[in-house]
Every structure is written in structure tokens, then in C-alpha cells.
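Encoded as C-alpha cells, the structure appears first; notes follow it.
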Amino acid sequence: MKELFILAVVTVFTLATYYLVEPFAHSKMHKHVESEKFAYADLPALTKKGDANRGKDLVMGAGACTGCHAIKVAGLAAPMDPVATAQSYGVNTPDLSNAGVVYDAKFLAALIKNPAHALKVEHKYDAASGKVHPMAQFGGAGGDLDQEVADMVAYLQSIAVKQDKLTPKMAFETACGRCHAMKYENWTQIGDKPSFKMKKDELAFDIQVIDYQDALTKYMGKLPPDLSMYIRSRGEHYISTFVENPQHLIEGTAMPRVGVTAETAEKVIEHLADAGDTKRVERDEVGKKVMVFIVIFALFAYLWKRSIWKDLH
């Protein structure tokens, strides 16, 4: 019993020290924000039932979406390459192929009508001061604006893959990959870095990345961080709530609200977790086996101790 008492004392002091150094200290140094469950309560709900066919005509026509965006699933390439687009607008415009599954429907509708408001960057783009968001507002095509926007959202949802087919990598690339690199995954802001046979070709690609980053830095104020190890330095809760509403954690930040669904956010975090710890699945499996071994070993050690010392107690 003496050994068990000593073990209990050591365990209590170890846990108390850990709590004071890690969870307690972290809670004092970092603002804690509760998740809003990706409900986007500040955005109005869609009150109209969208028609995908009418939405297609608007997206391809009066909405002028294809003037800036690619829709590869519909066979439409981007009007400009990523570097030229970033130099024109500050950041590469996303391919809309999977926008309907990655982004929340309310957010998409608000984004079409008022980008700065939907993205929560009105503090950066104030029309009164002459600064307007590079994405133009859709003022309607002459009909009911809310119906037209609902139609456009319905079209984007109709061409997107189903949620169960959206991979963590696809979710990350659409939601985060135009601003954030992930060097451990070989991802740059202009896409996966290929393998080059010729050094000059690799240097040409690197120059494109640098040019893109220069434009992005001017647009954002500073270059967004590489996210390779971000999951380990910030944790899942911080990243999830920051993606949900950056202004809650860093008021005045240039990072926009991303507007993803809760399911997409989980997949983005899964991709970050895979990048930050490529062996996490294998380690978890080994960890379970090690814990079973320790329990069995401790039991046998205790029985052996009882057998050896039984005549001395």
C-alpha cells in the first residue's frame, strides 16, 4: 500500500503541475471563444427556393461570375493564371466547382450580394473612404434579387460533389489554399509544386510563387502563415473558431470569414492534422497497444512483488 500511496502523490502533483503550466496558463494567455456551430446567425436565411437552371444562366451571364472564376466541372477555365489574377485582385479567385458544398448556403447568398459584409472585412473595405472589395456586388438582373441569388446558389450546389465525396485535401484547397501554403504537403498558394527534371523549370515555378506571394502580401497586409504545423501550435478549437469568425479572436484582422459549413471545417482540420503529424493514425494504434502492455505488465509486477515480499510484510 505504501507504494500505491507514493504513486498517488506523484500523480497528483504531476497533474497539478501540468494543469498550471498548460491548460490554465493557456486559458490566461489566449482568449477563449465558444463555437457558433457555423450557424452564421448574423446572415439572413434564404427565403426563396432556388432553381438551378435559372441559376446557371445567371452565373454564366448577368452574374458575370465566369469573368473572374473558373468552373472546371462545367468546362470553364479561369480567365487568367493565378499570378495575374492575384496581381489584379490581390488573391486568386476560387474555382466555383465545389463552392456549393464547401461554403454555407447563407454565406454564399450574402457573398454574392455584399462580399465585404459576408466576409466580415467591412472595416477594411469602406465604400465611404473609396475602398471597395475587389469582388463586385451582384445588383440583380432585373428581377427579384433574393430569388436570383437563391437560383445562383442552387446552381452552385447542383454542380458540386456530394459532401461524402469531398476529401479533406479538396476542402483545404478550396477554403484555405489560395492564401496559405503548406510546405510539408508540397502545397503552394498556386497549387501543388510539381517534380521538375530541370532546375530552371523549378526556379521558374518558384518565381511564380514569389510573385503571387508579393501580390497577396500587399492585399492582406502580410503574408498569411504556412499551415503545415499550425494544428500543433494552435490546436483544433482555436483553428475552428478562427475560421468561423476571425474577428472574435483578432479584432481588425485582415483575414476574412471563410464561410465554410461545419462538415467542411472538420475536413479542413483533418487535413491540417494529417499534415502536422503524418504518423498520427499509426501512433494512436501503437499507443493503444502500449497502454494494454503497461496495464498487463503492472499487474504482473504487482503479483510478483506480492509473491517475493509476502513473508516480510
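In the C-alpha cells, chains take the letters A, B, ... in the order shown, each chain's residues start at 1, and ligands count up from 1 in the order shown.
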
Closest-contact table, segment 87-181 of chain A side, partner segment 210-218 of chain A, 10 Å, counting only C-alpha atoms, as a Markdown table:
| residue | atom | partner | partner_atom | distance |
| --- | --- | --- | --- | --- |
| A:Gln87 | CA | A:Ala215 | CA | 5.4 |
| A:Ser88 | CA | A:Ala215 | CA | 8.5 |
| A:Tyr89 | CA | A:Ala215 | CA | 8.6 |
| A:Gly90 | CA | A:Leu216 | CA | 5.3 |
| A:Val91 | CA | A:Leu216 | CA | 5.6 |
| A:Asn92 | CA | A:Tyr212 | CA | 8.6 |
| A:Arg178 | CA | A:Leu216 | CA | 9.2 |
| A:Cys179 | CA | A:Leu216 | CA | 7.3 |
| A:His180 | CA | A:Gln213 | CA | 9.7 |
| A:Ala181 | CA | A:Gln213 | CA | 9.8 |

Using the selection just defined, write its residues with N, CA and C atoms as a PDB file, in the first residue's frame.
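New file result35.pdb:
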ATOM      1  N   GLN A  87      -2.360  39.635 -58.973  1.00  0.00           N
ATOM      2  CA  GLN A  87      -1.859  40.980 -59.234  1.00  0.00           C
ATOM      3  C   GLN A  87      -2.990  41.940 -59.581  1.00  0.00           C
ATOM      4  N   SER A  88      -4.105  41.392 -60.065  1.00  0.00           N
ATOM      5  CA  SER A  88      -5.262  42.224 -60.408  1.00  0.00           C
ATOM      6  C   SER A  88      -6.193  42.428 -59.220  1.00  0.00           C
ATOM      7  N   TYR A  89      -6.423  41.365 -58.444  1.00  0.00           N
ATOM      8  CA  TYR A  89      -7.429  41.418 -57.371  1.00  0.00           C
ATOM      9  C   TYR A  89      -6.854  41.251 -55.967  1.00  0.00           C
ATOM     10  N   GLY A  90      -5.582  40.880 -55.870  1.00  0.00           N
ATOM     11  CA  GLY A  90      -4.966  40.672 -54.564  1.00  0.00           C
ATOM     12  C   GLY A  90      -4.809  39.222 -54.195  1.00  0.00           C
ATOM     13  N   VAL A  91      -5.693  38.380 -54.711  1.00  0.00           N
ATOM     14  CA  VAL A  91      -5.654  36.944 -54.421  1.00  0.00           C
ATOM     15  C   VAL A  91      -6.302  36.215 -55.590  1.00  0.00           C
ATOM     16  N   ASN A  92      -5.916  34.976 -55.786  1.00  0.00           N
ATOM     17  CA  ASN A  92      -6.508  34.200 -56.871  1.00  0.00           C
ATOM     18  C   ASN A  92      -7.969  33.903 -56.552  1.00  0.00           C
ATOM     19  N   ARG A 178      -5.659  29.227 -51.305  1.00  0.00           N
ATOM     20  CA  ARG A 178      -5.259  30.349 -52.152  1.00  0.00           C
ATOM     21  C   ARG A 178      -4.470  31.401 -51.375  1.00  0.00           C
ATOM     22  N   CYS A 179      -4.532  31.329 -50.048  1.00  0.00           N
ATOM     23  CA  CYS A 179      -3.792  32.277 -49.200  1.00  0.00           C
ATOM     24  C   CYS A 179      -2.686  31.594 -48.400  1.00  0.00           C
ATOM     25  N   HIS A 180      -2.894  30.333 -48.051  1.00  0.00           N
ATOM     26  CA  HIS A 180      -1.962  29.636 -47.163  1.00  0.00           C
ATOM     27  C   HIS A 180      -1.213  28.527 -47.893  1.00  0.00           C
ATOM     28  N   ALA A 181       0.093  28.511 -47.709  1.00  0.00           N
ATOM     29  CA  ALA A 181       0.907  27.402 -48.205  1.00  0.00           C
ATOM     30  C   ALA A 181       0.949  26.306 -47.148  1.00  0.00           C
TER      31      ALA A 181
END

Residue neighbourhood Leu58 of chain A, 10 Å, only C-alpha atoms, exclusion window fewer than 4 positions, as a ChimeraX atom specification: /A:52-54,62-65,140-141,148-149,151-152,155

Please tabulate, as a Markdown table, the residues of segment 202-275 of chain A that come within 12 Å of segment 40-51 of chain A, each with its closest pair of atoms and the distance in Å to one decimal, counting only C-alpha atoms and ordering rows by chain, then residue number upward.
| residue | atom | partner | partner_atom | distance |
| --- | --- | --- | --- | --- |
| A:Val243 | CA | A:Tyr40 | CA | 12.0 |
| A:Glu244 | CA | A:Tyr40 | CA | 8.4 |
| A:Asn245 | CA | A:Tyr40 | CA | 9.1 |
| A:Arg257 | CA | A:Tyr40 | CA | 10.2 |
| A:Val258 | CA | A:Tyr40 | CA | 11.0 |
| A:Gly259 | CA | A:Tyr40 | CA | 8.0 |
| A:Val260 | CA | A:Tyr40 | CA | 9.9 |
| A:Thr261 | CA | A:Tyr40 | CA | 9.6 |
| A:Ala262 | CA | A:Tyr40 | CA | 10.7 |

Write out, as a PDB file, in the first residue's frame, the residues just selected, with C-alpha atoms.
ATOM      1  CA  VAL A 243     -12.075  30.045 -39.394  1.00  0.00           C
ATOM      2  CA  GLU A 244     -15.658  30.547 -38.236  1.00  0.00           C
ATOM      3  CA  ASN A 245     -15.171  34.187 -37.248  1.00  0.00           C
ATOM      4  CA  ARG A 257     -14.553  34.942 -42.541  1.00  0.00           C
ATOM      5  CA  VAL A 258     -14.251  31.793 -44.630  1.00  0.00           C
ATOM      6  CA  GLY A 259     -17.929  30.814 -44.569  1.00  0.00           C
ATOM      7  CA  VAL A 260     -17.492  27.048 -44.688  1.00  0.00           C
ATOM      8  CA  THR A 261     -20.024  24.557 -43.386  1.00  0.00           C
ATOM      9  CA  ALA A 262     -19.363  22.669 -40.141  1.00  0.00           C
TER      10      ALA A 262
END

Do a neighbour search on Ala254 of chain A at 8 Å with only C-alpha atoms, toss out local chain neighbours closer than 6 positions, and write the hits as an MDAnalysis selection string. chainID A and resid 121 124 220:221
